[in-house]
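Below: the structure, in structure tokens.
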Amino acid sequence: MRAWWSGTRLVWERGLVENVRSKTFKIVMVLLLLASAAAVILPQLLAGGVTTYTLATVGRAPASLVAALDAAQVKGDFTVEYLARGGVEEVRAAVQAGDATVGLADEILYVAAGDAGTFPVVVAQAVVRLEVADRLTRAGLTPRQVADLQSVQPPKQVTVAPVADEKRAAVGFAVGISLYMALLFGGSAIATAVAQEKASRISEVLLVVLRPSQILAGTVLAVGTVTLAEILVLATPVLVAIGVRDDLGLPAVAAGDIALGLAWFVIGFGLYAFLYAACGALVNKVTEVSSAVMPIVMIMLAAYMVSITVTTHDPTSPWSLVIAVFPLTSPIGMPFLWASGEASPLLLLFSMMLAILSAAGVISLASTVYRRGLLITGRRVGVREVIARHRD
Amino acid sequence: MLDVSHAFGDRVALDHVSFGVVPGVMTGLLGPNGAGKTTLIRILLGVLQPQQGAVQLRAMPVTDAARRTWGYMPQERGLYPAMKVGEQTVFFARLHGLSRRVAEQKSRQLLDELDLADRWDDRTDKLSGGLQQRLQLATSLVHDPEVIVLDEPFAGLDPVAVADLSESLRQRTAAGSTVLFSSHQLDLVQDLCEDIAMIEHGRLVLLGKVSTLRASSGRRQLRLHLDRPDRAWLQAFPEVHVVSDQADELRLGIAPGTDPLDVLDAARAASRVTDFGLDLPTLSQLFLDAAHARPDRELVS
Ligand SMILES: Nc1ncnc2c1ncn2[C@@H]1O[C@H](COP(=O)(O)OP(=O)(O)OP(=O)(O)O)[C@@H](O)[C@H]1O
Ligand SMILES: [Mg+2]
């Protein structure tokens, strides 16, 4: 076991160094950083831009109204401009022409058709407030009492999803989506690395010194590490941003759930990664890799589609159960079912065991395919061919 | 190697081949294109599983663990193109279990021997074909293996490199390593190897010491320069045939089993011998004979 590991580690280190040195890695990292930063900054630029509303009145707007609106614009993300008009008709015309968002004349609020946002409500509230304050003062209340009464606010609104366990849901979705992304990034990189070793004929030398499982595991670890780094680069700015402005209200997640999520990620990545590696050993030219990995991509895509179309809406459907347990789709299907709150811990463990067993099977299958496939060059090798030769 | 057979589909690549390689003796594996040399070597190294037969080391089936200590250079070369020259040899040395420090030291030493020391920091794919070939050799020898198997190590090397490699292999053999290599360059094999094995169409057609094979071959020729044209004394040797008889030079083909010295004695009795010589066939001639003739079982010792 120690000898197995030391050889595997050397392959891992070598692959990692080569990956990190490559131009592709640097370019991808820069692009990911930019994309990640953009994901954080752009929405703020777009949504955080200050909106300007215009209020038209007959003559200058009363000072008390201006003061009330000033107070409101500090809380909301908008500024108010004022437009003085000669009479009621002119105010109405200004709103109609789009010069003003809202017009106030003769106790009537003219509102522009289209996107006036919350501004009419704000103006209406301000008018009502002023009127109420006026009457309260006349009824004999002190200014302090009036201010106190007016500080009453409606309760804050929070939207809740119909999910049994919100914390689990967050971990489940995160694992499902990042696994899918990691495999999208990493899977074909693994297949390409194996195909390149085959094409450069280095594999024949390696096969004499190492077991196929060592070569495969080392390659998968190297690409896996790089992929993890890429995901972290992509996710960190987003996570930091979420942490800084906690108005997004991310639920506090239990350490146990995170551990389960990580374990599941590793198992799922391993299972698919070795399948990708086996496909890489079958091709003749590196350019054939993308067509060779097609079957795996299709399975993953199917699992993902069923997860987001069926599981998220109807987690009790038999389809949801099937893709969450069947070993080739469970790494993607299970996290979504888990997120829906419909997976019992027992089902999760069962599915996990099944996935581990099939990962072990896939490693031995991939090793055989690797050993046999590498010596057959000049054409695409069929899976049946290498496995049949294994039997005799 | 015991009674090994292997076929790819209906094409028989090896047909009941058995032979041994002796430590401290350099052995050459010869044969025309497609004879099955590479297949044999791959089976030896365990890259291919033979359909029949087994490979043994000191009368025991050879284990994968033992094979991992061997030095192997495949015919189809393989190096990591993006890796630096020095890193490449260090990587292979460490794969064979050397510590990083020893691996580095051995790599520098070997690359120095192979005239690659100044290319230590170059990317492998920036090297010329011949230099890559030397690097390939370095990766298979860097851990001082006890068993060295090289498939066509001389193909593509310039004469200086051929001489260097020959010398290096000679030293390793003298130090007790077991060396087997395949080659087409027969004059080289003749100079370098003590033992040869020749296969043709997957069968072993020639096996043994180079000197014995050459001496016992039907191709030996006795060259005589005689004073007198009298050839009557030849009647006493029915198995000796005249190859050429021009002016004063007589060339005689000596069959195996006839002592050329007896022929020389008879010639001296009949005439004054001014010059003589025994020409052994070159390996090329043996190779051509073996390659053209159907497998001649008598030659297999
Ligand atoms: N992977 C393979 N699949 C099918 N046939 C093969 C394979 N490898 C070798 N052969 C066949 O086996 C026979 C022996 O091939 P091998 O490569 O061992 O010859 P060789 O003696 O090394 O030839 P060369 O001198 O050209 O290197 C050939 O007829 C070849 O076509
Ligand atoms: Mg060959």
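Within each chain, counting starts at residue 1; across the structure tokens, chains are named A, B, ... in the order shown, with ligands numbered 1 upward in that order.
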
Starting from chain B, keep only residues with some atom at most 9 Å from an atom of chain A, counting only C-alpha atoms, and report them as a count of residues only.
30

Nearby residues (only C-alpha atoms) at most 9 Å from Asp187 (chain B), same-chain spacing under 6 positions excluded, as an MDAnalysis selection string
chainID B and resid 282:284

Could you pull out the helix (DSSP H, G or I) residues of region 118-330 of chain A, going by DSSP on the backbone, and write them as a ChimeraX atom specification?
/A:119-138,143-150,166-199,202-209,212-244,246-248,255-282,286-292,294-311,318-325,330

Please identify which residues in region 108-354 of chain A DSSP calls strand (DSSP E or B) from the backbone, and express them as a ChimeraX atom specification.
/A:108-111

Select the residues contacting ligand 1 at a distance of at most 6 Å, based on only C-alpha atoms and all ligand atoms, then format the selection as a count of residues only.
12

Distance query Met294 (chain A) at most 12 Å, only C-alpha atoms, self and fewer than 2 positions along chain excluded, as a PyMOL selection string:
chain A and resi 184+187-188+191+275-276+279-280+288-292+296-301

Any chance you can output those residues with N, CA and C atoms as a PDB file, in the first residue's frame?
```
ATOM      1  N   LEU A 184     -17.663  18.770 -15.491  1.00  0.00           N
ATOM      2  CA  LEU A 184     -17.674  19.415 -16.795  1.00  0.00           C
ATOM      3  C   LEU A 184     -16.277  19.951 -17.126  1.00  0.00           C
ATOM      4  N   GLY A 187     -13.569  16.461 -16.147  1.00  0.00           N
ATOM      5  CA  GLY A 187     -13.717  15.167 -16.809  1.00  0.00           C
ATOM      6  C   GLY A 187     -12.950  15.063 -18.108  1.00  0.00           C
ATOM      7  N   SER A 188     -13.166  16.020 -18.996  1.00  0.00           N
ATOM      8  CA  SER A 188     -12.492  15.884 -20.285  1.00  0.00           C
ATOM      9  C   SER A 188     -11.003  16.184 -20.145  1.00  0.00           C
ATOM     10  N   ALA A 191      -9.613  12.790 -19.342  1.00  0.00           N
ATOM     11  CA  ALA A 191      -9.583  11.946 -20.543  1.00  0.00           C
ATOM     12  C   ALA A 191      -8.481  12.415 -21.487  1.00  0.00           C
ATOM     13  N   LEU A 275     -14.168   6.849 -15.089  1.00  0.00           N
ATOM     14  CA  LEU A 275     -14.857   6.544 -16.346  1.00  0.00           C
ATOM     15  C   LEU A 275     -14.264   7.378 -17.483  1.00  0.00           C
ATOM     16  N   TYR A 276     -14.053   8.659 -17.191  1.00  0.00           N
ATOM     17  CA  TYR A 276     -13.446   9.533 -18.194  1.00  0.00           C
ATOM     18  C   TYR A 276     -12.059   9.022 -18.579  1.00  0.00           C
ATOM     19  N   CYS A 279     -12.170   6.161 -20.954  1.00  0.00           N
ATOM     20  CA  CYS A 279     -12.489   6.620 -22.309  1.00  0.00           C
ATOM     21  C   CYS A 279     -11.243   7.175 -22.995  1.00  0.00           C
ATOM     22  N   GLY A 280     -10.419   7.902 -22.231  1.00  0.00           N
ATOM     23  CA  GLY A 280      -9.201   8.467 -22.801  1.00  0.00           C
ATOM     24  C   GLY A 280      -8.271   7.384 -23.324  1.00  0.00           C
ATOM     25  N   GLU A 288      -9.904  12.875 -30.709  1.00  0.00           N
ATOM     26  CA  GLU A 288     -11.104  12.040 -30.641  1.00  0.00           C
ATOM     27  C   GLU A 288     -11.709  12.019 -29.249  1.00  0.00           C
ATOM     28  N   VAL A 289     -11.021  12.635 -28.296  1.00  0.00           N
ATOM     29  CA  VAL A 289     -11.458  12.534 -26.903  1.00  0.00           C
ATOM     30  C   VAL A 289     -12.901  12.990 -26.726  1.00  0.00           C
ATOM     31  N   SER A 290     -13.235  14.141 -27.347  1.00  0.00           N
ATOM     32  CA  SER A 290     -14.561  14.691 -27.067  1.00  0.00           C
ATOM     33  C   SER A 290     -15.672  13.754 -27.519  1.00  0.00           C
ATOM     34  N   SER A 291     -15.442  13.018 -28.620  1.00  0.00           N
ATOM     35  CA  SER A 291     -16.496  12.095 -29.023  1.00  0.00           C
ATOM     36  C   SER A 291     -16.473  10.833 -28.165  1.00  0.00           C
ATOM     37  N   ALA A 292     -15.293  10.466 -27.664  1.00  0.00           N
ATOM     38  CA  ALA A 292     -15.204   9.251 -26.848  1.00  0.00           C
ATOM     39  C   ALA A 292     -15.893   9.422 -25.496  1.00  0.00           C
ATOM     40  N   ILE A 296     -20.540   9.357 -21.407  1.00  0.00           N
ATOM     41  CA  ILE A 296     -20.539   9.787 -20.006  1.00  0.00           C
ATOM     42  C   ILE A 296     -21.223  11.132 -19.871  1.00  0.00           C
ATOM     43  N   VAL A 297     -20.895  12.046 -20.807  1.00  0.00           N
ATOM     44  CA  VAL A 297     -21.507  13.369 -20.753  1.00  0.00           C
ATOM     45  C   VAL A 297     -23.029  13.238 -20.837  1.00  0.00           C
ATOM     46  N   MET A 298     -23.504  12.318 -21.698  1.00  0.00           N
ATOM     47  CA  MET A 298     -24.948  12.130 -21.848  1.00  0.00           C
ATOM     48  C   MET A 298     -25.576  11.642 -20.541  1.00  0.00           C
ATOM     49  N   ILE A 299     -24.920  10.674 -19.904  1.00  0.00           N
ATOM     50  CA  ILE A 299     -25.456  10.147 -18.639  1.00  0.00           C
ATOM     51  C   ILE A 299     -25.531  11.266 -17.598  1.00  0.00           C
ATOM     52  N   MET A 300     -24.434  12.042 -17.519  1.00  0.00           N
ATOM     53  CA  MET A 300     -24.401  13.125 -16.537  1.00  0.00           C
ATOM     54  C   MET A 300     -25.484  14.156 -16.814  1.00  0.00           C
ATOM     55  N   LEU A 301     -25.612  14.475 -18.101  1.00  0.00           N
ATOM     56  CA  LEU A 301     -26.584  15.487 -18.494  1.00  0.00           C
ATOM     57  C   LEU A 301     -27.989  15.000 -18.162  1.00  0.00           C
TER      58      LEU A 301
END
```

Could you pull the residues within 6 Å of region 240-244 of chain B, counting only C-alpha atoms, minus those fewer than 3 positions along the same chain, as a PyMOL selection string?
chain B and resi 237+250-254

Here is a test: counting only C-alpha atoms, which residue of A:Val95, A:Ala277, A:Leu69, A:Leu179 is nearest to Tyr304 (chain A)?
A:Leu179

When you look at region 153-157 of chain B with a cut-off of 9 Å (counting only C-alpha atoms), what residues show up, excluding the ones that are within fewer than 2 positions of it in the same chain? I need them as a ChimeraX atom specification.
/B:73-75,129-131,133-134,137,150-151,159-162,165-166,181-185

Atomic distance CA of Thr227 (chain A) - CA of Gly186 (chain A), expressed in Å with one decimal
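That distance, rounded to one decimal, is 5.8 Å.
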
Point-to-point distance in Å for CA of Ala147 (chain A) and CA of Ala63 (chain A):
17.5 Å

Measure the distance from CA of Met352 (chain A) to CA of Leu228 (chain A) in Å and round it to one decimal.
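According to the coordinates, CA of Met352 (chain A) and CA of Leu228 (chain A) are separated by 21.1 Å.
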
Using only C-alpha atoms and all ligand atoms, which of B:Glu104, B:Arg123, B:Ile41, B:Asp227 sits nearest ligand 2?
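So, comparing all the options, the nearest one is B:Ile41.
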